[in-house]
$ cat my_file_0.cif   # mmCIF, C-alpha atoms
data_upload
#
loop_
_atom_site.group_PDB
_atom_site.id
_atom_site.type_symbol
_atom_site.label_atom_id
_atom_site.label_comp_id
_atom_site.auth_asym_id
_atom_site.auth_seq_id
_atom_site.Cartn_x
_atom_site.Cartn_y
_atom_site.Cartn_z
ATOM 1 C CA MET S 1 0.000 0.000 0.000
ATOM 2 C CA ASN S 2 2.849 2.321 0.854
ATOM 3 C CA TRP S 3 4.440 1.546 -2.506
ATOM 4 C CA PHE S 4 1.181 2.436 -4.185
ATOM 5 C CA ILE S 5 1.039 5.851 -2.509
ATOM 6 C CA VAL S 6 4.668 6.630 -3.247
ATOM 7 C CA HIS S 7 4.339 5.723 -6.901
ATOM 8 C CA PHE S 8 0.837 7.062 -7.422
ATOM 9 C CA ALA S 9 1.866 9.783 -9.906
ATOM 10 C CA GLN S 10 3.853 7.283 -11.958
ATOM 11 C CA ILE S 11 0.985 4.799 -12.034
ATOM 12 C CA VAL S 12 -1.454 7.487 -13.133
ATOM 13 C CA PHE S 13 0.966 8.702 -15.786
ATOM 14 C CA TYR S 14 1.543 5.278 -17.271
ATOM 15 C CA VAL S 15 -2.150 4.375 -17.265
ATOM 16 C CA LEU S 16 -3.062 7.664 -18.950
ATOM 17 C CA ALA S 17 -0.180 7.363 -21.403
ATOM 18 C CA ALA S 18 -1.289 3.844 -22.320
ATOM 19 C CA CYS S 19 -4.863 5.067 -22.860
ATOM 20 C CA THR S 20 -3.616 7.965 -24.979
ATOM 21 C CA VAL S 21 -1.523 5.762 -27.221
ATOM 22 C CA ALA S 22 -4.213 3.078 -27.446
ATOM 23 C CA GLY S 23 -6.737 5.709 -28.494
ATOM 24 C CA ALA S 24 -4.378 7.076 -31.123
ATOM 25 C CA ILE S 25 -3.779 3.579 -32.496
ATOM 26 C CA GLY S 26 -7.543 3.120 -32.589
ATOM 27 C CA VAL S 27 -7.935 6.310 -34.635
ATOM 28 C CA ILE S 28 -5.598 4.906 -37.259
ATOM 29 C CA GLY S 29 -6.763 1.324 -37.027
ATOM 30 C CA PHE S 30 -10.553 1.468 -37.035
ATOM 31 C CA ARG S 31 -12.172 1.288 -40.435
ATOM 32 C CA ASN S 32 -15.432 2.757 -39.255
ATOM 33 C CA PRO S 33 -15.043 6.520 -38.660
ATOM 34 C CA VAL S 34 -17.488 6.423 -35.743
ATOM 35 C CA ASN S 35 -15.223 3.975 -33.910
ATOM 36 C CA ALA S 36 -12.221 6.111 -34.784
ATOM 37 C CA ALA S 37 -13.949 9.208 -33.422
ATOM 38 C CA LEU S 38 -14.836 7.510 -30.139
ATOM 39 C CA SER S 39 -11.274 6.245 -29.876
ATOM 40 C CA LEU S 40 -10.095 9.832 -30.421
ATOM 41 C CA LEU S 41 -12.394 10.874 -27.572
ATOM 42 C CA GLY S 42 -10.523 8.458 -25.299
ATOM 43 C CA THR S 43 -7.250 10.068 -26.335
ATOM 44 C CA PHE S 44 -8.592 13.559 -25.597
ATOM 45 C CA LEU S 45 -9.794 12.576 -22.130
ATOM 46 C CA SER S 46 -6.495 10.857 -21.300
ATOM 47 C CA VAL S 47 -4.566 13.932 -22.442
ATOM 48 C CA ALA S 48 -6.793 16.048 -20.184
ATOM 49 C CA GLY S 49 -5.773 13.777 -17.305
ATOM 50 C CA LEU S 50 -2.128 14.279 -18.213
ATOM 51 C CA PHE S 51 -2.689 18.050 -18.137
ATOM 52 C CA VAL S 52 -3.945 17.741 -14.562
ATOM 53 C CA LEU S 53 -0.836 15.740 -13.748
ATOM 54 C CA MET S 54 1.257 18.603 -15.149
ATOM 55 C CA HIS S 55 -0.439 21.250 -12.972
ATOM 56 C CA ALA S 56 -2.430 22.669 -15.910
ATOM 57 C CA GLU S 57 -5.918 22.297 -14.473
ATOM 58 C CA PHE S 58 -7.425 25.068 -16.585
ATOM 59 C CA LEU S 59 -6.075 23.501 -19.774
ATOM 60 C CA ALA S 60 -7.532 20.149 -18.708
ATOM 61 C CA ALA S 61 -10.976 21.719 -18.375
ATOM 62 C CA VAL S 62 -10.594 23.511 -21.713
ATOM 63 C CA GLN S 63 -9.412 20.285 -23.325
ATOM 64 C CA ILE S 64 -12.538 18.459 -22.191
ATOM 65 C CA LEU S 65 -14.884 21.326 -23.059
ATOM 66 C CA VAL S 66 -13.468 22.193 -26.471
ATOM 67 C CA TYR S 67 -12.173 18.846 -27.704
ATOM 68 C CA ALA S 68 -14.463 16.293 -26.107
ATOM 69 C CA GLY S 69 -17.457 18.637 -26.058
ATOM 70 C CA GLY S 70 -17.065 20.679 -29.227
ATOM 71 C CA ILE S 71 -14.766 19.161 -31.796
ATOM 72 C CA MET S 72 -15.847 15.589 -31.108
ATOM 73 C CA VAL S 73 -19.515 16.452 -31.476
ATOM 74 C CA LEU S 74 -18.671 18.234 -34.723
ATOM 75 C CA PHE S 75 -16.863 15.146 -36.018
ATOM 76 C CA LEU S 76 -19.665 12.775 -35.066
ATOM 77 C CA PHE S 77 -22.246 15.168 -36.503
ATOM 78 C CA VAL S 78 -20.451 15.323 -39.853
ATOM 79 C CA ILE S 79 -19.964 11.556 -39.886
ATOM 80 C CA MET S 80 -23.690 11.104 -39.393
ATOM 81 C CA LEU S 81 -24.470 13.899 -41.863
ATOM 82 C CA VAL S 82 -22.463 12.524 -44.760
ATOM 83 C CA ARG S 83 -23.512 8.925 -43.981
ATOM 84 C CA VAL S 84 -20.083 7.464 -44.597
ATOM 85 C CA ARG S 85 -21.482 3.947 -44.257
ATOM 86 C CA THR S 86 -23.517 4.316 -47.419
ATOM 87 C CA ILE S 87 -20.487 5.396 -49.412
ATOM 88 C CA PRO S 88 -18.902 2.374 -51.078
ATOM 89 C CA GLU S 89 -15.718 1.500 -49.254
ATOM 90 C CA GLU S 90 -12.402 0.802 -50.878
ATOM 91 C CA PRO S 91 -11.169 -2.735 -50.281
ATOM 92 C CA GLN S 92 -7.794 -1.277 -49.346
ATOM 93 C CA TYR S 93 -8.167 1.524 -46.834
ATOM 94 C CA LEU S 94 -4.480 1.989 -46.126
ATOM 95 C CA ARG S 95 -2.035 3.258 -48.693
ATOM 96 C CA SER S 96 1.729 3.413 -49.238
ATOM 97 C CA LEU S 97 2.938 1.806 -46.013
ATOM 98 C CA ALA S 98 6.607 1.394 -46.928
ATOM 99 C CA PRO S 99 7.454 5.059 -47.755
ATOM 100 C CA ALA S 100 5.464 6.127 -44.708
ATOM 101 C CA ALA S 101 7.508 3.807 -42.487
ATOM 102 C CA VAL S 102 10.804 5.194 -43.804
ATOM 103 C CA GLY S 103 9.767 8.841 -43.510
ATOM 104 C CA VAL S 104 8.245 8.461 -40.075
ATOM 105 C CA GLY S 105 11.244 6.501 -38.817
ATOM 106 C CA GLY S 106 13.603 9.297 -39.827
ATOM 107 C CA LEU S 107 11.335 11.924 -38.320
ATOM 108 C CA LEU S 108 11.110 9.923 -35.091
ATOM 109 C CA ALA S 109 14.886 9.677 -34.783
ATOM 110 C CA VAL S 110 15.335 13.438 -35.253
ATOM 111 C CA LEU S 111 12.579 14.258 -32.776
ATOM 112 C CA VAL S 112 13.945 11.892 -30.102
ATOM 113 C CA GLY S 113 17.323 13.602 -30.408
ATOM 114 C CA VAL S 114 15.928 17.138 -30.260
ATOM 115 C CA GLY S 115 13.560 16.292 -27.413
ATOM 116 C CA LEU S 116 16.219 14.692 -25.221
ATOM 117 C CA TRP S 117 18.606 17.565 -25.930
ATOM 118 C CA ALA S 118 16.019 20.204 -25.027
ATOM 119 C CA ALA S 119 14.803 18.374 -21.907
ATOM 120 C CA ALA S 120 18.352 17.929 -20.646
ATOM 121 C CA ARG S 121 19.190 21.605 -21.117
ATOM 122 C CA THR S 122 16.081 23.039 -19.483
ATOM 123 C CA PRO S 123 16.315 23.793 -15.741
ATOM 124 C CA ILE S 124 13.670 22.288 -13.473
ATOM 125 C CA ALA S 125 11.493 24.846 -11.701
ATOM 126 C CA ASN S 126 9.135 24.646 -8.769
ATOM 127 C CA PRO S 127 5.650 23.695 -10.023
ATOM 128 C CA ALA S 128 4.130 26.165 -7.550
ATOM 129 C CA ALA S 129 5.169 28.883 -10.012
ATOM 130 C CA LEU S 130 2.328 27.707 -12.268
ATOM 131 C CA HIS S 131 -0.171 29.053 -9.751
ATOM 132 C CA GLN S 132 1.523 32.356 -9.056
ATOM 133 C CA VAL S 133 1.456 35.788 -10.606
ATOM 134 C CA GLN S 134 4.239 38.091 -9.446
ATOM 135 C CA GLY S 135 4.812 35.954 -6.393
ATOM 136 C CA ILE S 136 1.158 35.952 -5.300
ATOM 137 C CA SER S 137 -0.392 32.501 -5.122
ATOM 138 C CA LEU S 138 -3.543 32.116 -7.185
ATOM 139 C CA GLY S 139 -5.466 29.331 -8.831
ATOM 140 C CA ASN S 140 -4.138 28.000 -12.116
ATOM 141 C CA THR S 141 -7.067 29.452 -14.064
ATOM 142 C CA GLU S 142 -6.555 32.893 -12.600
ATOM 143 C CA ALA S 143 -2.823 32.760 -13.255
ATOM 144 C CA VAL S 144 -3.370 31.721 -16.882
ATOM 145 C CA GLY S 145 -5.917 34.502 -17.248
ATOM 146 C CA TRP S 146 -3.466 37.080 -15.923
ATOM 147 C CA ASN S 147 -0.859 35.933 -18.402
ATOM 148 C CA LEU S 148 -3.305 35.736 -21.283
ATOM 149 C CA TYR S 149 -4.839 39.163 -20.871
ATOM 150 C CA ARG S 150 -1.748 41.019 -19.686
ATOM 151 C CA ASP S 151 1.138 39.694 -21.792
ATOM 152 C CA TYR S 152 -0.639 38.036 -24.711
ATOM 153 C CA LEU S 153 -3.586 40.298 -25.410
ATOM 154 C CA LEU S 154 -2.675 40.923 -29.045
ATOM 155 C CA PRO S 155 -2.286 37.207 -29.936
ATOM 156 C CA PHE S 156 -5.564 36.627 -28.115
ATOM 157 C CA GLU S 157 -7.330 39.173 -30.326
ATOM 158 C CA VAL S 158 -5.691 37.781 -33.465
ATOM 159 C CA VAL S 159 -6.849 34.292 -32.544
ATOM 160 C CA SER S 160 -10.382 35.580 -32.111
ATOM 161 C CA ILE S 161 -10.237 36.944 -35.665
ATOM 162 C CA VAL S 162 -8.965 33.565 -36.861
ATOM 163 C CA LEU S 163 -11.966 31.944 -35.203
ATOM 164 C CA LEU S 164 -14.311 34.423 -36.868
ATOM 165 C CA VAL S 165 -12.774 33.713 -40.266
ATOM 166 C CA ALA S 166 -13.035 29.970 -39.676
ATOM 167 C CA MET S 167 -16.665 30.326 -38.668
ATOM 168 C CA ILE S 168 -17.536 32.318 -41.798
ATOM 169 C CA GLY S 169 -15.535 29.908 -43.950
ATOM 170 C CA ALA S 170 -17.319 26.878 -42.514
ATOM 171 C CA ILE S 171 -20.715 28.508 -43.120
ATOM 172 C CA VAL S 172 -19.792 29.458 -46.704
ATOM 173 C CA MET S 173 -18.536 25.969 -47.499
ATOM 174 C CA GLY S 174 -21.348 24.187 -45.740
ATOM 175 C CA ARG S 175 -24.278 26.003 -47.337
ATOM 176 C CA LYS S 176 -25.969 24.948 -50.537
ATOM 177 C CA GLU S 177 -24.841 26.775 -53.636
ATOM 178 C CA ALA S 178 -27.452 29.324 -54.623
ATOM 179 C CA GLY S 179 -26.811 29.166 -58.368
ATOM 180 C CA LYS S 180 -26.824 25.410 -58.796
ATOM 181 C CA GLU S 181 -30.064 23.827 -59.908
ATOM 182 C CA GLY S 182 -31.668 21.696 -57.223
ATOM 183 C CA GLY S 183 -28.778 21.880 -54.788
ATOM 184 C CA ALA S 184 -27.649 18.726 -53.003
ATOM 185 C CA MET M 1 9.380 10.846 -10.607
ATOM 186 C CA ILE M 2 7.840 11.611 -13.983
ATOM 187 C CA THR M 3 10.220 13.890 -15.839
ATOM 188 C CA THR M 4 9.695 16.101 -18.842
ATOM 189 C CA THR M 5 11.413 13.446 -20.920
ATOM 190 C CA HIS M 6 8.568 11.022 -20.171
ATOM 191 C CA TYR M 7 6.050 13.525 -21.469
ATOM 192 C CA LEU M 8 8.200 14.280 -24.503
ATOM 193 C CA MET M 9 8.384 10.596 -25.384
ATOM 194 C CA LEU M 10 4.622 10.229 -25.019
ATOM 195 C CA SER M 11 4.003 13.281 -27.180
ATOM 196 C CA LEU M 12 6.477 11.907 -29.684
ATOM 197 C CA VAL M 13 4.549 8.650 -29.924
ATOM 198 C CA LEU M 14 1.291 10.574 -30.304
ATOM 199 C CA PHE M 15 2.764 12.843 -32.984
ATOM 200 C CA THR M 16 4.198 9.887 -34.881
ATOM 201 C CA LEU M 17 0.897 8.047 -34.792
ATOM 202 C CA GLY M 18 -0.775 11.186 -36.117
ATOM 203 C CA VAL M 19 1.691 11.515 -38.987
ATOM 204 C CA VAL M 20 1.402 7.820 -39.807
ATOM 205 C CA GLY M 21 -2.360 8.123 -39.862
ATOM 206 C CA MET M 22 -2.264 11.174 -42.103
ATOM 207 C CA VAL M 23 0.009 9.441 -44.591
ATOM 208 C CA VAL M 24 -1.581 6.022 -44.470
ATOM 209 C CA ARG M 25 -5.325 6.562 -44.234
ATOM 210 C CA ARG M 26 -7.512 7.414 -47.210
ATOM 211 C CA ASN M 27 -10.579 8.582 -45.337
ATOM 212 C CA PHE M 28 -10.647 12.383 -45.162
ATOM 213 C CA ILE M 29 -12.416 12.404 -41.775
ATOM 214 C CA THR M 30 -9.792 10.124 -40.248
ATOM 215 C CA VAL M 31 -7.011 12.321 -41.645
ATOM 216 C CA LEU M 32 -8.569 15.310 -39.871
ATOM 217 C CA MET M 33 -8.647 13.300 -36.642
ATOM 218 C CA CYS M 34 -4.955 12.594 -37.092
ATOM 219 C CA VAL M 35 -4.317 16.355 -37.340
ATOM 220 C CA GLU M 36 -6.033 16.672 -33.963
ATOM 221 C CA LEU M 37 -3.689 13.996 -32.585
ATOM 222 C CA ILE M 38 -0.697 15.994 -33.789
ATOM 223 C CA LEU M 39 -1.986 19.201 -32.208
ATOM 224 C CA ASN M 40 -2.565 17.328 -28.949
ATOM 225 C CA ALA M 41 1.021 16.107 -29.045
ATOM 226 C CA ALA M 42 2.165 19.705 -29.479
ATOM 227 C CA ASN M 43 0.051 20.728 -26.494
ATOM 228 C CA ILE M 44 1.596 18.043 -24.297
ATOM 229 C CA ASN M 45 5.021 19.409 -25.217
ATOM 230 C CA PHE M 46 4.004 22.991 -24.465
ATOM 231 C CA ILE M 47 2.642 22.084 -21.053
ATOM 232 C CA ALA M 48 5.496 19.737 -20.154
ATOM 233 C CA PHE M 49 7.998 22.519 -20.759
ATOM 234 C CA SER M 50 5.728 24.994 -18.997
ATOM 235 C CA ARG M 51 5.903 22.733 -15.963
ATOM 236 C CA GLN M 52 9.639 22.288 -16.169
ATOM 237 C CA LEU M 53 10.324 26.015 -16.589
ATOM 238 C CA GLY M 54 7.683 27.126 -14.099
ATOM 239 C CA ASP M 55 6.464 29.544 -16.776
ATOM 240 C CA LEU M 56 2.798 29.901 -17.688
ATOM 241 C CA THR M 57 3.544 31.013 -21.247
ATOM 242 C CA GLY M 58 3.411 27.402 -22.412
ATOM 243 C CA GLN M 59 -0.099 27.021 -21.051
ATOM 244 C CA VAL M 60 -1.199 30.258 -22.731
ATOM 245 C CA PHE M 61 0.097 29.013 -26.053
ATOM 246 C CA ALA M 62 -1.641 25.690 -25.521
ATOM 247 C CA VAL M 63 -4.877 27.690 -25.292
ATOM 248 C CA PHE M 64 -4.046 29.218 -28.675
ATOM 249 C CA VAL M 65 -3.284 25.792 -30.138
ATOM 250 C CA ILE M 66 -6.650 24.489 -28.951
ATOM 251 C CA THR M 67 -8.343 27.495 -30.577
ATOM 252 C CA ILE M 68 -6.576 26.877 -33.859
ATOM 253 C CA ALA M 69 -7.498 23.190 -33.632
ATOM 254 C CA ALA M 70 -11.161 24.123 -33.263
ATOM 255 C CA ALA M 71 -10.962 26.474 -36.253
ATOM 256 C CA GLU M 72 -9.198 23.824 -38.304
ATOM 257 C CA ALA M 73 -11.791 21.195 -37.424
ATOM 258 C CA ALA M 74 -14.641 23.522 -38.403
ATOM 259 C CA ILE M 75 -13.029 24.389 -41.749
ATOM 260 C CA GLY M 76 -11.989 20.792 -42.459
ATOM 261 C CA LEU M 77 -15.427 19.406 -41.730
ATOM 262 C CA GLY M 78 -16.979 22.159 -43.865
ATOM 263 C CA ILE M 79 -14.726 21.035 -46.697
ATOM 264 C CA ILE M 80 -15.849 17.435 -46.129
ATOM 265 C CA VAL M 81 -19.516 18.409 -46.333
ATOM 266 C CA ALA M 82 -18.882 20.346 -49.551
ATOM 267 C CA LEU M 83 -16.810 17.459 -50.912
ATOM 268 C CA VAL M 84 -19.492 14.884 -50.236
ATOM 269 C CA ARG M 85 -21.999 17.137 -51.994
ATOM 270 C CA LEU M 86 -19.797 17.418 -55.058
ATOM 271 C CA LYS M 87 -18.288 13.953 -55.366
ATOM 272 C CA GLN M 88 -20.162 11.647 -52.965
ATOM 273 C CA THR M 89 -16.872 10.436 -51.509
ATOM 274 C CA VAL M 90 -14.541 11.049 -48.580
ATOM 275 C CA ASN M 91 -11.728 9.033 -50.154
ATOM 276 C CA LEU M 92 -8.714 11.286 -50.623
ATOM 277 C CA ASP M 93 -7.419 9.284 -53.575
ATOM 278 C CA GLN M 94 -10.532 10.108 -55.534
ATOM 279 C CA VAL M 95 -10.326 13.863 -54.998
ATOM 280 C CA SER M 96 -6.762 14.381 -56.154
ATOM 281 C CA VAL M 97 -7.998 16.271 -59.211
ATOM 282 C CA MET M 98 -8.705 19.939 -58.463
ATOM 283 C CA GLU M 99 -11.573 20.419 -60.833
ATOM 284 C CA GLY M 100 -14.351 21.489 -58.494
#
$ encode --input "my_file_0.cif" --output "C-alpha cells"
Amino acid sequence: MNWFIVHFAQIVFYVLAACTVAGAIGVIGFRNPVNAALSLLGTFLSVAGLFVLMHAEFLAAVQILVYAGGIMVLFLFVIMLVRVRTIPEEPQYLRSLAPAAVGVGGLLAVLVGVGLWAAARTPIANPAALHQVQGISLGNTEAVGWNLYRDYLLPFEVVSIVLLVAMIGAIVMGRKEAGKEGGA
Amino acid sequence: MITTTHYLMLSLVLFTLGVVGMVVRRNFITVLMCVELILNAANINFIAFSRQLGDLTGQVFAVFVITIAAAEAAIGLGIIVALVRLKQTVNLDQVSVMEG
C-alpha cells in the first residue's frame, strides 16, 4: 500500500499514457469513422488527465470542453451527416505503407534527439510557479488569465479573428450553392 | 518521478501516430482526426515545458493551439460536407484532381 502511494503519480501517468496511445492507435486502425472518433475521444480525455498531472488544471478543463465537447460532437455530426457507411468502401483503406515507415522513422529519430537535448538543457522549476502571478499565489485558471490578458492580449485578439474567419468559412462551405439547380 | 522526458516521449509517440495516420489513411475524416492527434502532441510538449520552466507562457500558447485546432476542425469538416456534396466520396485518392 505504501508503494502504491509513493508511486501514485507514476501509475497514473503510465495508465493515462497507455490510454492515450491506445486511443491514437484506434484512430488509425478502425475502419469505421465512428469507432475512430470515439477512440479519439478516449485520447482527448487521457490527455486532459495528463494536463492535470502537469499542474495545468485550466487547460484540462478547456481540453474536455473544447475537444471532447465541441470538436468531437462536430466530427460525429459530420460523420452522421455525410452517412459514410452508405459510401462504397475501398477494399484497401491503407495506402503506401513502406514510404510512410521510412519517412516516419527518420522523423522519429530526429525528434527523439531534439527532445532529449532540449529536456536535458532546461532547468527544473518549482511547479508552484504555475499558480503564481508576481509571487502571489492564485489558482491556475486565474494565473493563466493574468498571463493571457496582460502579456498576450494581441495574440488573443488575433486568434479571435482567426476563429471568426473559420466560422464564416465553414458557413460558406457548408451552405448549398445558390446558383446550382436543385442543390444537393 | 515523472520527468519532462517522459512527457516528450509520449508526445512523440502521439505525434508519430498522427503523422502515420495522415500518410496512411484514405478517409478524409480520419485524416482530420490525425491532425487533432498531432496538435494534442504539441500541447503536451508545451505544457510539459511549462511545468519544467515554471512559466505559464506554455499554457497560454496551448490555449491558442486548442483554438486553432477548433478552427481547423470547423473548416476541415466544412470542406468534407462540400466534398461529399460534389463527389459523394470522402476518399482522398478520388479527390486528387482539383476540378471542383
$ closest_residue --input "my_file_0.cif" --among "M:Ala70, M:Leu83, M:Ser50, M:Ser11" --to "Phe28 in chain M" --atoms "all atoms listed in the file"
M:Leu83
$ closest_residue --input "my_file_0.cif" --among "S:Thr141, S:Asn32, S:Gln10, S:Asn2" --to "chain M" --atoms "all atoms listed in the file"
S:Gln10
$ atom_distance --input "my_file_0.cif" --atom1 "CA of Leu116 in chain S" --atom2 "CA of Leu37 in chain M"
21.2 Å
$ interface_residues --input "my_file_0.cif" --of "chain S" --to "chain M" --cutoff "7 Å" --atoms "all atoms listed in the file" --output "PyMOL selection string"
chain S and resi 10+17+21+24-25+28+33+54+71+78+82+87+93-97+100+104+108+115-116+119+123-127+129-130+144+148+159+163+166+169-170+173-174+184
$ atom_distance --input "my_file_0.cif" --atom1 "CA of Leu50 in chain S" --atom2 "CA of Val12 in chain S"
8.5 Å
$ residues_around --input "my_file_0.cif" --residues "Val15 in chain S" --least-positions-apart "3" --cutoff "12 Å" --atoms "all atoms listed in the file" --output "ChimeraX atom specification"
/S:8-12,18-22,43,46-47,49-50,53 /M:10
$ axis_aligned_box --input "my_file_0.cif" --around "range 49-55 of chain S" --padding-each-side "4 Å" --output "AutoDock Vina command-line options"
--center_x -2.3 --center_y 17.5 --center_z -15.6 --size_x 15.0 --size_y 15.5 --size_z 13.2
$ decode --input "my_file_0.cif" --residues "range 17-26 of chain M" --atoms "all heavy atoms" --output "short mmCIF file (atom, residue, chain, number, x, y, z; two decimals), in the first residue's frame"
data_model
loop_
_atom_site.label_atom_id
_atom_site.label_comp_id
_atom_site.auth_asym_id
_atom_site.auth_seq_id
_atom_site.Cartn_x
_atom_site.Cartn_y
_atom_site.Cartn_z
N LEU M 17 2.12 8.74 -34.39
CA LEU M 17 0.90 8.05 -34.79
C LEU M 17 0.03 8.95 -35.66
O LEU M 17 -0.58 8.50 -36.64
CB LEU M 17 0.12 7.59 -33.55
CG LEU M 17 0.69 6.36 -32.85
CD1 LEU M 17 0.03 6.17 -31.51
CD2 LEU M 17 0.52 5.14 -33.71
N GLY M 18 -0.01 10.25 -35.30
CA GLY M 18 -0.78 11.19 -36.12
C GLY M 18 -0.23 11.29 -37.53
O GLY M 18 -0.99 11.26 -38.50
N VAL M 19 1.09 11.40 -37.65
CA VAL M 19 1.69 11.51 -38.99
C VAL M 19 1.45 10.24 -39.78
O VAL M 19 1.08 10.29 -40.97
CB VAL M 19 3.20 11.83 -38.86
CG1 VAL M 19 3.86 11.76 -40.22
CG2 VAL M 19 3.40 13.19 -38.26
N VAL M 20 1.64 9.09 -39.11
CA VAL M 20 1.40 7.82 -39.81
C VAL M 20 -0.04 7.76 -40.31
O VAL M 20 -0.29 7.39 -41.47
CB VAL M 20 1.70 6.64 -38.86
CG1 VAL M 20 1.19 5.34 -39.44
CG2 VAL M 20 3.18 6.53 -38.60
N GLY M 21 -0.96 8.16 -39.45
CA GLY M 21 -2.36 8.12 -39.86
C GLY M 21 -2.64 9.04 -41.04
O GLY M 21 -3.36 8.68 -41.96
N MET M 22 -2.05 10.24 -41.00
CA MET M 22 -2.26 11.17 -42.10
C MET M 22 -1.75 10.63 -43.42
O MET M 22 -2.34 10.82 -44.47
CB MET M 22 -1.55 12.50 -41.81
CG MET M 22 -2.39 13.48 -41.07
SD MET M 22 -1.45 14.94 -40.68
CE MET M 22 -1.37 15.69 -42.27
N VAL M 23 -0.58 9.94 -43.36
CA VAL M 23 0.01 9.44 -44.59
C VAL M 23 -0.72 8.20 -45.07
O VAL M 23 -0.93 8.00 -46.27
CB VAL M 23 1.51 9.15 -44.36
CG1 VAL M 23 2.13 8.52 -45.58
CG2 VAL M 23 2.23 10.43 -44.00
N VAL M 24 -1.16 7.38 -44.13
CA VAL M 24 -1.58 6.02 -44.47
C VAL M 24 -3.08 5.93 -44.77
O VAL M 24 -3.50 5.17 -45.63
CB VAL M 24 -1.16 5.09 -43.31
CG1 VAL M 24 -2.08 3.92 -43.18
CG2 VAL M 24 0.26 4.63 -43.50
N ARG M 25 -3.88 6.72 -44.07
CA ARG M 25 -5.33 6.56 -44.23
C ARG M 25 -5.82 7.30 -45.47
O ARG M 25 -5.27 8.32 -45.87
CB ARG M 25 -6.06 7.09 -42.99
CG ARG M 25 -5.88 6.23 -41.77
CD ARG M 25 -6.41 4.83 -41.96
NE ARG M 25 -7.81 4.81 -42.33
CZ ARG M 25 -8.78 4.55 -41.49
NH1 ARG M 25 -8.53 4.28 -40.24
NH2 ARG M 25 -10.03 4.54 -41.92
N ARG M 26 -6.92 6.78 -46.04
CA ARG M 26 -7.51 7.41 -47.21
C ARG M 26 -8.76 8.20 -46.88
O ARG M 26 -9.22 8.99 -47.68
CB ARG M 26 -7.91 6.34 -48.22
CG ARG M 26 -6.75 5.65 -48.82
CD ARG M 26 -7.14 4.26 -49.25
NE ARG M 26 -5.99 3.60 -49.85
CZ ARG M 26 -5.84 3.47 -51.15
NH1 ARG M 26 -6.74 3.92 -51.97
NH2 ARG M 26 -4.78 2.88 -51.63
#
